[in-house]
Each structure stands twice: as structure tokens, then as C-alpha cells.
Amino acid sequence: MKNIFILGSRGYQAKYGGWETFVTNLVDHYHDKNTTIYVGELTDKKEEDKTLRKINDHLFIYSFYVNTSGSAKMFFYTIKSYLSTLNYIKKNQLFDSYVYILGLKLGPLLAFHQHFRKKYRIKIYVNPDGLEHLRSKWNRLIQWCFLLSEWSMIRHADLVVCDGLGIERYIQKKYKKAKTTYIAYGTNLYDFSKIDEEKILKEYHLKKDDYLLMVGRCVPENNYELVIKDFMKSKIKKKLVIITNLSSSHYYLELVEKTSLEKDKRIIFIDGVYDQVKLATIRKNAYLSIHGHSVGGTNPSLIEALSLTDLNLLYDVCFNHDIGLDTALYFKEEGSLKKLLDNTKLLDQKREELGPKAKKRIQENFTWDKIVEEYKDIMK
């Protein structure tokens, strides 16, 4: 029996977030009767600390409680789950296990337990995600901690799994001896013949092809300010629908102050759509999708947008280019998005030209079934 421990996400089937989306889909598509998967979960209930919950014969949730808040919470949670996992492996004498750590929150811990890891033949895989030290949501101290953690974890991992080609190039250039592989995120394909699209659109007061769509966390590096300002200056008559985590973001108030977006009645915010079928329907019926993410690897929302929306406008960075290639249009400096939005003739033309091309690319390269097979190859 093969054992895989996945640590670093908030859990399995969480409502929102790239890691949680990834873990849920990886686990749900990992059909192998000879593999048991353990997923670390952050719980707010002290009585659930270090409890193991059986989901089915091949999936267990290992819960951890951390008595802290703010940015440090995920650091302490990841450290606690890692140390507990090593103890669990020792207690149950589990040899040849894989420990897959999502993110760079263990600091120098991977430099320790070398003898123990060798004795139990444990393989440590690390997914660095994006360039965490560049994310503006972190203060300088935390950014420095991420850099230090990156340096230590990359050097002591058995394999670095990069979900973006740009991330892999960065790791290979900076850490010459690191062993890397590239495995992207995937997406699910939907059968819309069984979905009442009109009912879902009506629920959110939307009409087919009457809105532009933006989906993602409300943070500065997703370029909401640039997009909103360019949209407000444009003459396009369609709405801009932004689906984001309004209730848990302080950045929204900053956006209102910087852009005066409340003066433009075309801009509509929706506080999270966690039902995947509903979100897929909203994507499919959008006139176009705008992806402003500037930091990270393969972002799940980009894959999903390319697989569902007829036209995608992407922020021009290597992470987005590696996925979109020639199936999307790109913008970057202020005014470039406005220029695209004002050219409705071009947009209509590119919708017909690029929509099928993008969908074909995703179906051939980024389905979860394909991605899971790539993970099975590195966890034989």
C-alpha cells in the first residue's frame, strides 16, 4: 500500500482558494485502490486537534488546531502538520511514503530529520506555488521569511513540483542542483446539456454575453485597480462582473477609494460563488474574461476561463503566457486594456477565432485526468 500525505492547504473540499481547489481535484481523480491519501486540514475547533477522520477507504483527513491568527497561522499549521506526519509515519511504521508540501512555509525544518527520512525511505516533494516573496499582501519581514524558507526547502526537497513553466525556470536558474518537474493545474469539463444555465444566470441577475468577468482573490497583485480604471475609461456598454472574496478582504475599500468605482453602475461585485457548476455557467456565458493575476504559477481560474469563455484577456506575464500562448489577448500597461475594450470589432472577431482554439488547448493538456496521471508517474 502506498501512502501520500498532502500538507499546506487549508483542507479538502474547502470553499475557496487555489490550494484547496487543487487538493480536492487531485484527490477526487486519484483512483488507485493501492494508494491511501492523507490530507492536512486546518480546524478552528481545539477538540479536533490531531484527529484523523476517515472519508473513505483511501482518504483520511488529518486535522490540526493552531492557537494564533493572522499571517503566522498558516506557517504554524504547516509546521505542526509536518512534524505530526513524521510521528504518524514512525508510529505506524509506514515505509516509502510521499510527503507533498504545498507552499514554502516550513523554513529550515527540511534540513533536519535526514536520518529519519532515510530510515523510512520518505520522499519529500515541494510545490513552491508562485513567487511568494513578491506578493504585496506580505510585509517585508514575511517576504524575507519566504525567501529564507524557499532557499532551505528547495535545497532539501527530493523533488520540486512546479505548477508553472516560469516557476520552474526560476528554480532551475537560482538553484542549480534542485531536481524539478512541471505539472500544471487541471480543470473539469462540464456537460451543459444537464445544467439550467438560464436559471443560474437569473439568480445572479446576468444575461448571456452582456458582461465581462473577473474571478480571483481581492489582492493588489491581481491588478484590480488597473482593470477597473481602464474599464471605467472605456466606452464598452457591457457590465464588469467581479467575483471575489469581498467579505474577507480589506483591499476592496482601498479599491473604492482609489478608483471611485461606485460611480460606474456597470461594475458589479459578487461576494464569492462557491458552487462550481454555477461558477462554470457564469464563465461560459460571459462575453469575455479578464485575468489580472501577475504572481504565481498555473492559476486555476485561468485554466477554467480558457476552457469555458470565448475570449480571454490576460495580464502579460510569463506565467499567463505559458498557459494562454496564442489563444488569448494580452494587456499590461495602463491604457492597453481600455484600447482592447474599445475595439469591439476586434473583440467579436477574436471571440470566434480564439474561443475554440483555447478550449482545444485545455482539453488536450489540462484536464484533471491527465494531470493526475502525471502525479502518479512521480509517485510510483
# chains A, B, ... in the order shown; residues from 1 in each chain; ligands from 1

$ closest_atom_pairs --of "segment 186-282 of chain A" --to "segment 310-316 of chain A" --cutoff "12 Å" --atoms "only C-alpha atoms" --output "CSV"
residue,atom,partner,partner_atom,distance
A:Lys208,CA,A:Asp310,CA,11.8
A:Asp209,CA,A:Asp310,CA,9.8
A:Leu212,CA,A:Asn312,CA,9.7
A:Leu213,CA,A:Asn312,CA,9.5
A:Met214,CA,A:Leu313,CA,10.0
A:Glu221,CA,A:Tyr315,CA,10.6
A:Asn222,CA,A:Tyr315,CA,8.8
A:Asn223,CA,A:Tyr315,CA,8.3
A:Tyr224,CA,A:Tyr315,CA,10.9
A:Leu226,CA,A:Tyr315,CA,10.2
A:Val227,CA,A:Tyr315,CA,9.6

$ write_last_selection --atoms "C-alpha atoms" --output "PDB file, in the first residue's frame"
ATOM      1  CA  LYS A 208     -25.582  35.912 -21.734  1.00  0.00           C
ATOM      2  CA  ASP A 209     -22.780  37.925 -23.439  1.00  0.00           C
ATOM      3  CA  LEU A 212     -17.134  40.893 -18.781  1.00  0.00           C
ATOM      4  CA  LEU A 213     -15.950  38.628 -15.984  1.00  0.00           C
ATOM      5  CA  MET A 214     -13.102  38.716 -13.493  1.00  0.00           C
ATOM      6  CA  GLU A 221      -1.216  41.610  -7.398  1.00  0.00           C
ATOM      7  CA  ASN A 222      -4.352  40.580  -9.286  1.00  0.00           C
ATOM      8  CA  ASN A 223      -4.415  44.091 -10.799  1.00  0.00           C
ATOM      9  CA  TYR A 224      -7.985  45.037  -9.935  1.00  0.00           C
ATOM     10  CA  LEU A 226      -5.625  48.708 -13.324  1.00  0.00           C
ATOM     11  CA  VAL A 227      -8.563  46.734 -14.744  1.00  0.00           C
TER      12      VAL A 227
END

$ residues_around --residues "segment 56-62 of chain A" --least-positions-apart "2" --cutoff "6 Å" --atoms "only C-alpha atoms" --output "list in words"
Thr36, Ile37, Tyr38, Val39, Gly40, Glu41, Thr51, Leu52, Arg53 and Lys54 of chain A

$ write_last_selection --atoms "N, CA and C atoms" --output "PDB file, in the first residue's frame"
ATOM      1  N   THR A  36      -3.317   5.209  -0.318  1.00  0.00           N
ATOM      2  CA  THR A  36      -4.065   5.915   0.717  1.00  0.00           C
ATOM      3  C   THR A  36      -3.540   7.341   0.799  1.00  0.00           C
ATOM      4  N   ILE A  37      -4.451   8.312   0.764  1.00  0.00           N
ATOM      5  CA  ILE A  37      -4.073   9.722   0.795  1.00  0.00           C
ATOM      6  C   ILE A  37      -4.526  10.353   2.109  1.00  0.00           C
ATOM      7  N   TYR A  38      -3.609  11.081   2.736  1.00  0.00           N
ATOM      8  CA  TYR A  38      -3.902  11.817   3.957  1.00  0.00           C
ATOM      9  C   TYR A  38      -3.787  13.306   3.639  1.00  0.00           C
ATOM     10  N   VAL A  39      -4.832  14.057   3.935  1.00  0.00           N
ATOM     11  CA  VAL A  39      -4.827  15.496   3.657  1.00  0.00           C
ATOM     12  C   VAL A  39      -4.856  16.272   4.967  1.00  0.00           C
ATOM     13  N   GLY A  40      -3.874  17.154   5.154  1.00  0.00           N
ATOM     14  CA  GLY A  40      -3.865  18.010   6.328  1.00  0.00           C
ATOM     15  C   GLY A  40      -4.961  19.055   6.238  1.00  0.00           C
ATOM     16  N   GLU A  41      -5.611  19.314   7.378  1.00  0.00           N
ATOM     17  CA  GLU A  41      -6.715  20.280   7.411  1.00  0.00           C
ATOM     18  C   GLU A  41      -6.552  21.212   8.606  1.00  0.00           C
ATOM     19  N   THR A  51      -6.794  14.966  15.142  1.00  0.00           N
ATOM     20  CA  THR A  51      -7.749  13.863  14.942  1.00  0.00           C
ATOM     21  C   THR A  51      -7.720  13.421  13.487  1.00  0.00           C
ATOM     22  N   LEU A  52      -7.922  12.133  13.291  1.00  0.00           N
ATOM     23  CA  LEU A  52      -7.900  11.546  11.948  1.00  0.00           C
ATOM     24  C   LEU A  52      -9.317  11.132  11.572  1.00  0.00           C
ATOM     25  N   ARG A  53      -9.814  11.667  10.463  1.00  0.00           N
ATOM     26  CA  ARG A  53     -11.191  11.401  10.038  1.00  0.00           C
ATOM     27  C   ARG A  53     -11.198  10.624   8.729  1.00  0.00           C
ATOM     28  N   LYS A  54     -11.860   9.501   8.704  1.00  0.00           N
ATOM     29  CA  LYS A  54     -11.916   8.662   7.509  1.00  0.00           C
ATOM     30  C   LYS A  54     -13.029   9.123   6.579  1.00  0.00           C
TER      31      LYS A  54
END

$ select_by_dssp --residues "segment 40-91 of chain A" --states "helix (DSSP H, G or I)" --output "mmCIF file with C-alpha atoms, in the first residue's frame"
data_model
loop_
_atom_site.group_PDB
_atom_site.id
_atom_site.type_symbol
_atom_site.label_atom_id
_atom_site.label_comp_id
_atom_site.auth_asym_id
_atom_site.auth_seq_id
_atom_site.Cartn_x
_atom_site.Cartn_y
_atom_site.Cartn_z
ATOM 1 C CA LYS A 46 -9.452 22.813 19.536
ATOM 2 C CA GLU A 47 -11.052 19.454 20.317
ATOM 3 C CA GLU A 48 -10.353 18.306 16.740
ATOM 4 C CA ALA A 72 1.555 33.351 11.046
ATOM 5 C CA LYS A 73 -1.319 30.895 11.273
ATOM 6 C CA MET A 74 -0.551 29.013 8.050
ATOM 7 C CA PHE A 75 3.158 28.856 8.949
ATOM 8 C CA PHE A 76 2.500 27.257 12.346
ATOM 9 C CA TYR A 77 -0.160 24.979 10.877
ATOM 10 C CA THR A 78 2.154 23.656 8.143
ATOM 11 C CA ILE A 79 4.993 23.094 10.637
ATOM 12 C CA LYS A 80 2.695 21.302 13.068
ATOM 13 C CA SER A 81 1.190 19.089 10.364
ATOM 14 C CA TYR A 82 4.653 18.185 9.025
ATOM 15 C CA LEU A 83 6.045 17.150 12.434
ATOM 16 C CA SER A 84 2.850 15.229 13.239
ATOM 17 C CA THR A 85 3.069 13.439 9.896
ATOM 18 C CA LEU A 86 6.598 12.246 10.663
ATOM 19 C CA ASN A 87 5.398 10.966 14.042
ATOM 20 C CA TYR A 88 2.448 9.215 12.399
ATOM 21 C CA ILE A 89 4.769 7.521 9.898
ATOM 22 C CA LYS A 90 7.018 6.323 12.732
ATOM 23 C CA LYS A 91 4.145 5.158 14.936
#

$ closest_residue --among "A:Ser193, A:Asn3, A:Thr327, A:Ser307" --to "Ser97 of chain A" --atoms "only C-alpha atoms"
A:Asn3

$ residues_around --residues "segment 250-255 of chain A" --least-positions-apart "2" --cutoff "7 Å" --atoms "only C-alpha atoms" --output "MDAnalysis selection string"
chainID A and resid 218:219 225 246 248 257:259

$ write_last_selection --atoms "N, CA, C and O atoms" --output "tab-separated table (two decimals), in the first residue's frame"
chain	number	residue	atom	x	y	z
A	218	CYS	N	-9.30	39.21	-3.91
A	218	CYS	CA	-9.21	40.67	-3.96
A	218	CYS	C	-7.91	41.12	-3.31
A	218	CYS	O	-7.86	41.50	-2.14
A	219	VAL	N	-6.83	41.04	-4.09
A	219	VAL	CA	-5.50	41.42	-3.63
A	219	VAL	C	-4.84	42.27	-4.73
A	219	VAL	O	-5.15	42.12	-5.91
A	225	GLU	N	-7.09	47.26	-9.61
A	225	GLU	CA	-7.08	48.71	-9.80
A	225	GLU	C	-6.87	49.08	-11.27
A	225	GLU	O	-7.60	49.91	-11.83
A	246	LEU	N	-15.07	39.38	-1.15
A	246	LEU	CA	-15.34	40.69	-0.56
A	246	LEU	C	-15.39	40.66	0.96
A	246	LEU	O	-14.84	41.53	1.63
A	248	SER	N	-13.93	38.94	3.12
A	248	SER	CA	-12.68	38.70	3.86
A	248	SER	C	-11.52	39.52	3.32
A	248	SER	O	-10.36	39.19	3.53
A	257	GLU	N	-11.67	53.67	-2.82
A	257	GLU	CA	-11.06	54.99	-2.62
A	257	GLU	C	-10.19	55.39	-3.82
A	257	GLU	O	-10.22	56.55	-4.26
A	258	LYS	N	-9.44	54.44	-4.37
A	258	LYS	CA	-8.51	54.76	-5.45
A	258	LYS	C	-9.19	54.93	-6.81
A	258	LYS	O	-8.70	55.66	-7.67
A	259	THR	N	-10.31	54.24	-7.01
A	259	THR	CA	-10.93	54.23	-8.34
A	259	THR	C	-12.27	54.93	-8.42
A	259	THR	O	-12.75	55.22	-9.52

$ residues_around --residues "Leu109 of chain A" --least-positions-apart "5" --cutoff "9 Å" --atoms "only C-alpha atoms" --output "short mmCIF file (atom, residue, chain, number, x, y, z; two decimals) with N, CA and C atoms, in the first residue's frame"
data_model
loop_
_atom_site.label_atom_id
_atom_site.label_comp_id
_atom_site.auth_asym_id
_atom_site.auth_seq_id
_atom_site.Cartn_x
_atom_site.Cartn_y
_atom_site.Cartn_z
N ILE A 79 3.93 23.69 9.81
CA ILE A 79 4.99 23.09 10.64
C ILE A 79 4.43 21.99 11.53
N SER A 149 12.90 30.61 3.61
CA SER A 149 12.25 29.30 3.56
C SER A 149 12.42 28.65 2.19
N SER A 152 15.94 27.18 1.85
CA SER A 152 16.15 25.96 2.61
C SER A 152 15.34 24.79 2.07
N MET A 153 14.06 25.02 1.77
CA MET A 153 13.19 23.93 1.35
C MET A 153 13.56 23.39 -0.03
#

$ closest_residue --among "A:Lys179, A:Lys173, A:Arg121, A:Arg10" --to "Leu102 of chain A" --atoms "only C-alpha atoms"
A:Arg10

$ residues_around --residues "Lys350 of chain A" --least-positions-apart "5" --cutoff "12 Å" --atoms "only C-alpha atoms" --output "PDB file with all heavy atoms, in the first residue's frame"
ATOM      1  N   TYR A 287     -19.176  37.507 -21.950  1.00  0.00           N
ATOM      2  CA  TYR A 287     -18.716  37.967 -23.272  1.00  0.00           C
ATOM      3  C   TYR A 287     -17.215  37.735 -23.393  1.00  0.00           C
ATOM      4  O   TYR A 287     -16.720  37.275 -24.416  1.00  0.00           O
ATOM      5  CB  TYR A 287     -19.051  39.441 -23.449  1.00  0.00           C
ATOM      6  CG  TYR A 287     -18.548  40.033 -24.745  1.00  0.00           C
ATOM      7  CD1 TYR A 287     -19.156  39.712 -25.968  1.00  0.00           C
ATOM      8  CD2 TYR A 287     -17.465  40.905 -24.743  1.00  0.00           C
ATOM      9  CE1 TYR A 287     -18.682  40.253 -27.157  1.00  0.00           C
ATOM     10  CE2 TYR A 287     -16.992  41.456 -25.929  1.00  0.00           C
ATOM     11  CZ  TYR A 287     -17.607  41.117 -27.141  1.00  0.00           C
ATOM     12  OH  TYR A 287     -17.127  41.647 -28.327  1.00  0.00           O
ATOM     13  N   LEU A 288     -16.486  38.045 -22.322  1.00  0.00           N
ATOM     14  CA  LEU A 288     -15.056  37.756 -22.257  1.00  0.00           C
ATOM     15  C   LEU A 288     -14.627  37.704 -20.797  1.00  0.00           C
ATOM     16  O   LEU A 288     -15.336  38.169 -19.907  1.00  0.00           O
ATOM     17  CB  LEU A 288     -14.230  38.780 -23.047  1.00  0.00           C
ATOM     18  CG  LEU A 288     -14.275  40.260 -22.651  1.00  0.00           C
ATOM     19  CD1 LEU A 288     -13.357  40.569 -21.454  1.00  0.00           C
ATOM     20  CD2 LEU A 288     -13.853  41.121 -23.837  1.00  0.00           C
ATOM     21  N   THR A 309     -14.716  30.224 -21.469  1.00  0.00           N
ATOM     22  CA  THR A 309     -15.080  31.539 -22.000  1.00  0.00           C
ATOM     23  C   THR A 309     -14.552  31.726 -23.416  1.00  0.00           C
ATOM     24  O   THR A 309     -13.444  31.302 -23.739  1.00  0.00           O
ATOM     25  CB  THR A 309     -14.529  32.651 -21.085  1.00  0.00           C
ATOM     26  OG1 THR A 309     -14.799  32.322 -19.720  1.00  0.00           O
ATOM     27  CG2 THR A 309     -15.193  33.980 -21.391  1.00  0.00           C
ATOM     28  N   ASP A 310     -15.334  32.377 -24.280  1.00  0.00           N
ATOM     29  CA  ASP A 310     -14.981  32.501 -25.695  1.00  0.00           C
ATOM     30  C   ASP A 310     -13.803  33.427 -25.960  1.00  0.00           C
ATOM     31  O   ASP A 310     -13.143  33.313 -26.990  1.00  0.00           O
ATOM     32  CB  ASP A 310     -16.197  32.985 -26.499  1.00  0.00           C
ATOM     33  CG  ASP A 310     -17.227  31.880 -26.671  1.00  0.00           C
ATOM     34  OD1 ASP A 310     -16.824  30.703 -26.651  1.00  0.00           O
ATOM     35  OD2 ASP A 310     -18.418  32.192 -26.812  1.00  0.00           O
ATOM     36  N   LEU A 311     -13.527  34.358 -25.048  1.00  0.00           N
ATOM     37  CA  LEU A 311     -12.380  35.240 -25.240  1.00  0.00           C
ATOM     38  C   LEU A 311     -11.778  35.587 -23.888  1.00  0.00           C
ATOM     39  O   LEU A 311     -12.498  35.895 -22.942  1.00  0.00           O
ATOM     40  CB  LEU A 311     -12.789  36.528 -25.953  1.00  0.00           C
ATOM     41  CG  LEU A 311     -11.665  37.546 -26.212  1.00  0.00           C
ATOM     42  CD1 LEU A 311     -10.563  36.942 -27.076  1.00  0.00           C
ATOM     43  CD2 LEU A 311     -12.209  38.814 -26.853  1.00  0.00           C
ATOM     44  N   ASN A 312     -10.438  35.541 -23.817  1.00  0.00           N
ATOM     45  CA  ASN A 312      -9.747  35.821 -22.562  1.00  0.00           C
ATOM     46  C   ASN A 312      -8.691  36.902 -22.766  1.00  0.00           C
ATOM     47  O   ASN A 312      -7.874  36.814 -23.693  1.00  0.00           O
ATOM     48  CB  ASN A 312      -9.096  34.544 -22.029  1.00  0.00           C
ATOM     49  CG  ASN A 312     -10.120  33.535 -21.550  1.00  0.00           C
ATOM     50  OD1 ASN A 312     -10.526  33.552 -20.399  1.00  0.00           O
ATOM     51  ND2 ASN A 312     -10.566  32.659 -22.456  1.00  0.00           N
ATOM     52  N   LEU A 313      -8.725  37.920 -21.897  1.00  0.00           N
ATOM     53  CA  LEU A 313      -7.729  38.990 -21.903  1.00  0.00           C
ATOM     54  C   LEU A 313      -6.852  38.780 -20.673  1.00  0.00           C
ATOM     55  O   LEU A 313      -7.344  38.852 -19.535  1.00  0.00           O
ATOM     56  CB  LEU A 313      -8.403  40.361 -21.849  1.00  0.00           C
ATOM     57  CG  LEU A 313      -9.534  40.623 -22.854  1.00  0.00           C
ATOM     58  CD1 LEU A 313     -10.002  42.070 -22.759  1.00  0.00           C
ATOM     59  CD2 LEU A 313      -9.087  40.313 -24.269  1.00  0.00           C
ATOM     60  N   ASP A 326      -1.051  31.522 -27.796  1.00  0.00           N
ATOM     61  CA  ASP A 326      -1.712  32.346 -28.815  1.00  0.00           C
ATOM     62  C   ASP A 326      -3.226  32.168 -28.821  1.00  0.00           C
ATOM     63  O   ASP A 326      -3.893  32.440 -29.809  1.00  0.00           O
ATOM     64  CB  ASP A 326      -1.151  32.026 -30.203  1.00  0.00           C
ATOM     65  CG  ASP A 326      -1.368  30.570 -30.602  1.00  0.00           C
ATOM     66  OD1 ASP A 326      -1.754  29.753 -29.721  1.00  0.00           O
ATOM     67  OD2 ASP A 326      -1.144  30.232 -31.784  1.00  0.00           O
ATOM     68  N   THR A 327      -3.784  31.720 -27.676  1.00  0.00           N
ATOM     69  CA  THR A 327      -5.238  31.523 -27.603  1.00  0.00           C
ATOM     70  C   THR A 327      -5.934  32.659 -26.860  1.00  0.00           C
ATOM     71  O   THR A 327      -7.125  32.579 -26.563  1.00  0.00           O
ATOM     72  CB  THR A 327      -5.573  30.191 -26.893  1.00  0.00           C
ATOM     73  OG1 THR A 327      -5.232  30.297 -25.504  1.00  0.00           O
ATOM     74  CG2 THR A 327      -4.815  29.034 -27.516  1.00  0.00           C
ATOM     75  N   ALA A 328      -5.194  33.723 -26.532  1.00  0.00           N
ATOM     76  CA  ALA A 328      -5.755  34.838 -25.765  1.00  0.00           C
ATOM     77  C   ALA A 328      -5.151  36.150 -26.232  1.00  0.00           C
ATOM     78  O   ALA A 328      -4.190  36.170 -27.009  1.00  0.00           O
ATOM     79  CB  ALA A 328      -5.480  34.621 -24.280  1.00  0.00           C
ATOM     80  N   LEU A 329      -5.720  37.261 -25.759  1.00  0.00           N
ATOM     81  CA  LEU A 329      -5.155  38.591 -25.985  1.00  0.00           C
ATOM     82  C   LEU A 329      -4.522  39.062 -24.678  1.00  0.00           C
ATOM     83  O   LEU A 329      -4.911  38.603 -23.592  1.00  0.00           O
ATOM     84  CB  LEU A 329      -6.245  39.571 -26.421  1.00  0.00           C
ATOM     85  CG  LEU A 329      -6.977  39.237 -27.728  1.00  0.00           C
ATOM     86  CD1 LEU A 329      -8.054  40.296 -28.009  1.00  0.00           C
ATOM     87  CD2 LEU A 329      -6.009  39.138 -28.891  1.00  0.00           C
ATOM     88  N   LEU A 340      -8.196  47.693 -25.932  1.00  0.00           N
ATOM     89  CA  LEU A 340      -8.820  46.447 -26.371  1.00  0.00           C
ATOM     90  C   LEU A 340     -10.336  46.514 -26.211  1.00  0.00           C
ATOM     91  O   LEU A 340     -11.087  46.126 -27.116  1.00  0.00           O
ATOM     92  CB  LEU A 340      -8.269  45.269 -25.564  1.00  0.00           C
ATOM     93  CG  LEU A 340      -6.863  44.776 -25.890  1.00  0.00           C
ATOM     94  CD1 LEU A 340      -6.409  43.727 -24.885  1.00  0.00           C
ATOM     95  CD2 LEU A 340      -6.813  44.189 -27.307  1.00  0.00           C
ATOM     96  N   ASN A 343     -12.275  48.390 -28.860  1.00  0.00           N
ATOM     97  CA  ASN A 343     -12.253  47.834 -30.216  1.00  0.00           C
ATOM     98  C   ASN A 343     -13.208  46.631 -30.288  1.00  0.00           C
ATOM     99  O   ASN A 343     -12.798  45.471 -30.331  1.00  0.00           O
ATOM    100  CB  ASN A 343     -10.828  47.404 -30.576  1.00  0.00           C
ATOM    101  CG  ASN A 343     -10.662  47.136 -32.065  1.00  0.00           C
ATOM    102  OD1 ASN A 343     -11.648  46.923 -32.778  1.00  0.00           O
ATOM    103  ND2 ASN A 343      -9.431  47.126 -32.528  1.00  0.00           N
ATOM    104  N   THR A 344     -14.499  46.913 -30.298  1.00  0.00           N
ATOM    105  CA  THR A 344     -15.499  45.849 -30.266  1.00  0.00           C
ATOM    106  C   THR A 344     -15.452  44.965 -31.508  1.00  0.00           C
ATOM    107  O   THR A 344     -15.755  43.758 -31.433  1.00  0.00           O
ATOM    108  CB  THR A 344     -16.914  46.443 -30.114  1.00  0.00           C
ATOM    109  OG1 THR A 344     -17.129  47.423 -31.144  1.00  0.00           O
ATOM    110  CG2 THR A 344     -17.083  47.092 -28.751  1.00  0.00           C
ATOM    111  N   LYS A 345     -15.076  45.526 -32.630  1.00  0.00           N
ATOM    112  CA  LYS A 345     -14.956  44.731 -33.858  1.00  0.00           C
ATOM    113  C   LYS A 345     -13.882  43.661 -33.697  1.00  0.00           C
ATOM    114  O   LYS A 345     -14.073  42.494 -34.077  1.00  0.00           O
ATOM    115  CB  LYS A 345     -14.628  45.642 -35.050  1.00  0.00           C
ATOM    116  CG  LYS A 345     -14.603  44.915 -36.386  1.00  0.00           C
ATOM    117  CD  LYS A 345     -14.350  45.895 -37.539  1.00  0.00           C
ATOM    118  CE  LYS A 345     -14.336  45.160 -38.877  1.00  0.00           C
ATOM    119  NZ  LYS A 345     -14.086  46.105 -40.011  1.00  0.00           N
ATOM    120  N   GLY A 355     -11.744  31.373 -29.216  1.00  0.00           N
ATOM    121  CA  GLY A 355     -12.535  30.543 -28.304  1.00  0.00           C
ATOM    122  C   GLY A 355     -12.322  29.048 -28.512  1.00  0.00           C
ATOM    123  O   GLY A 355     -11.908  28.333 -27.585  1.00  0.00           O
ATOM    124  N   PRO A 356     -12.565  28.549 -29.726  1.00  0.00           N
ATOM    125  CA  PRO A 356     -12.366  27.108 -29.982  1.00  0.00           C
ATOM    126  C   PRO A 356     -10.911  26.684 -29.787  1.00  0.00           C
ATOM    127  O   PRO A 356     -10.636  25.579 -29.321  1.00  0.00           O
ATOM    128  CB  PRO A 356     -12.790  26.962 -31.449  1.00  0.00           C
ATOM    129  CG  PRO A 356     -13.695  28.122 -31.715  1.00  0.00           C
ATOM    130  CD  PRO A 356     -13.136  29.241 -30.893  1.00  0.00           C
ATOM    131  N   LYS A 357      -9.988  27.569 -30.132  1.00  0.00           N
ATOM    132  CA  LYS A 357      -8.556  27.272 -30.021  1.00  0.00           C
ATOM    133  C   LYS A 357      -8.163  27.087 -28.545  1.00  0.00           C
ATOM    134  O   LYS A 357      -7.412  26.167 -28.198  1.00  0.00           O
ATOM    135  CB  LYS A 357      -7.763  28.436 -30.638  1.00  0.00           C
ATOM    136  CG  LYS A 357      -6.338  28.108 -31.017  1.00  0.00           C
ATOM    137  CD  LYS A 357      -5.744  29.298 -31.778  1.00  0.00           C
ATOM    138  CE  LYS A 357      -4.319  28.999 -32.204  1.00  0.00           C
ATOM    139  NZ  LYS A 357      -3.730  30.139 -32.963  1.00  0.00           N
ATOM    140  N   ALA A 358      -8.662  27.959 -27.688  1.00  0.00           N
ATOM    141  CA  ALA A 358      -8.352  27.872 -26.254  1.00  0.00           C
ATOM    142  C   ALA A 358      -8.954  26.612 -25.650  1.00  0.00           C
ATOM    143  O   ALA A 358      -8.301  25.906 -24.869  1.00  0.00           O
ATOM    144  CB  ALA A 358      -8.878  29.104 -25.527  1.00  0.00           C
TER     145      ALA A 358
END

$ residues_around --residues "Asp264 of chain A" --least-positions-apart "3" --cutoff "10 Å" --atoms "only C-alpha atoms" --output "JSON, numbers by chain"
{"A": [228, 231, 232, 239, 240, 259, 260, 261, 267, 268]}
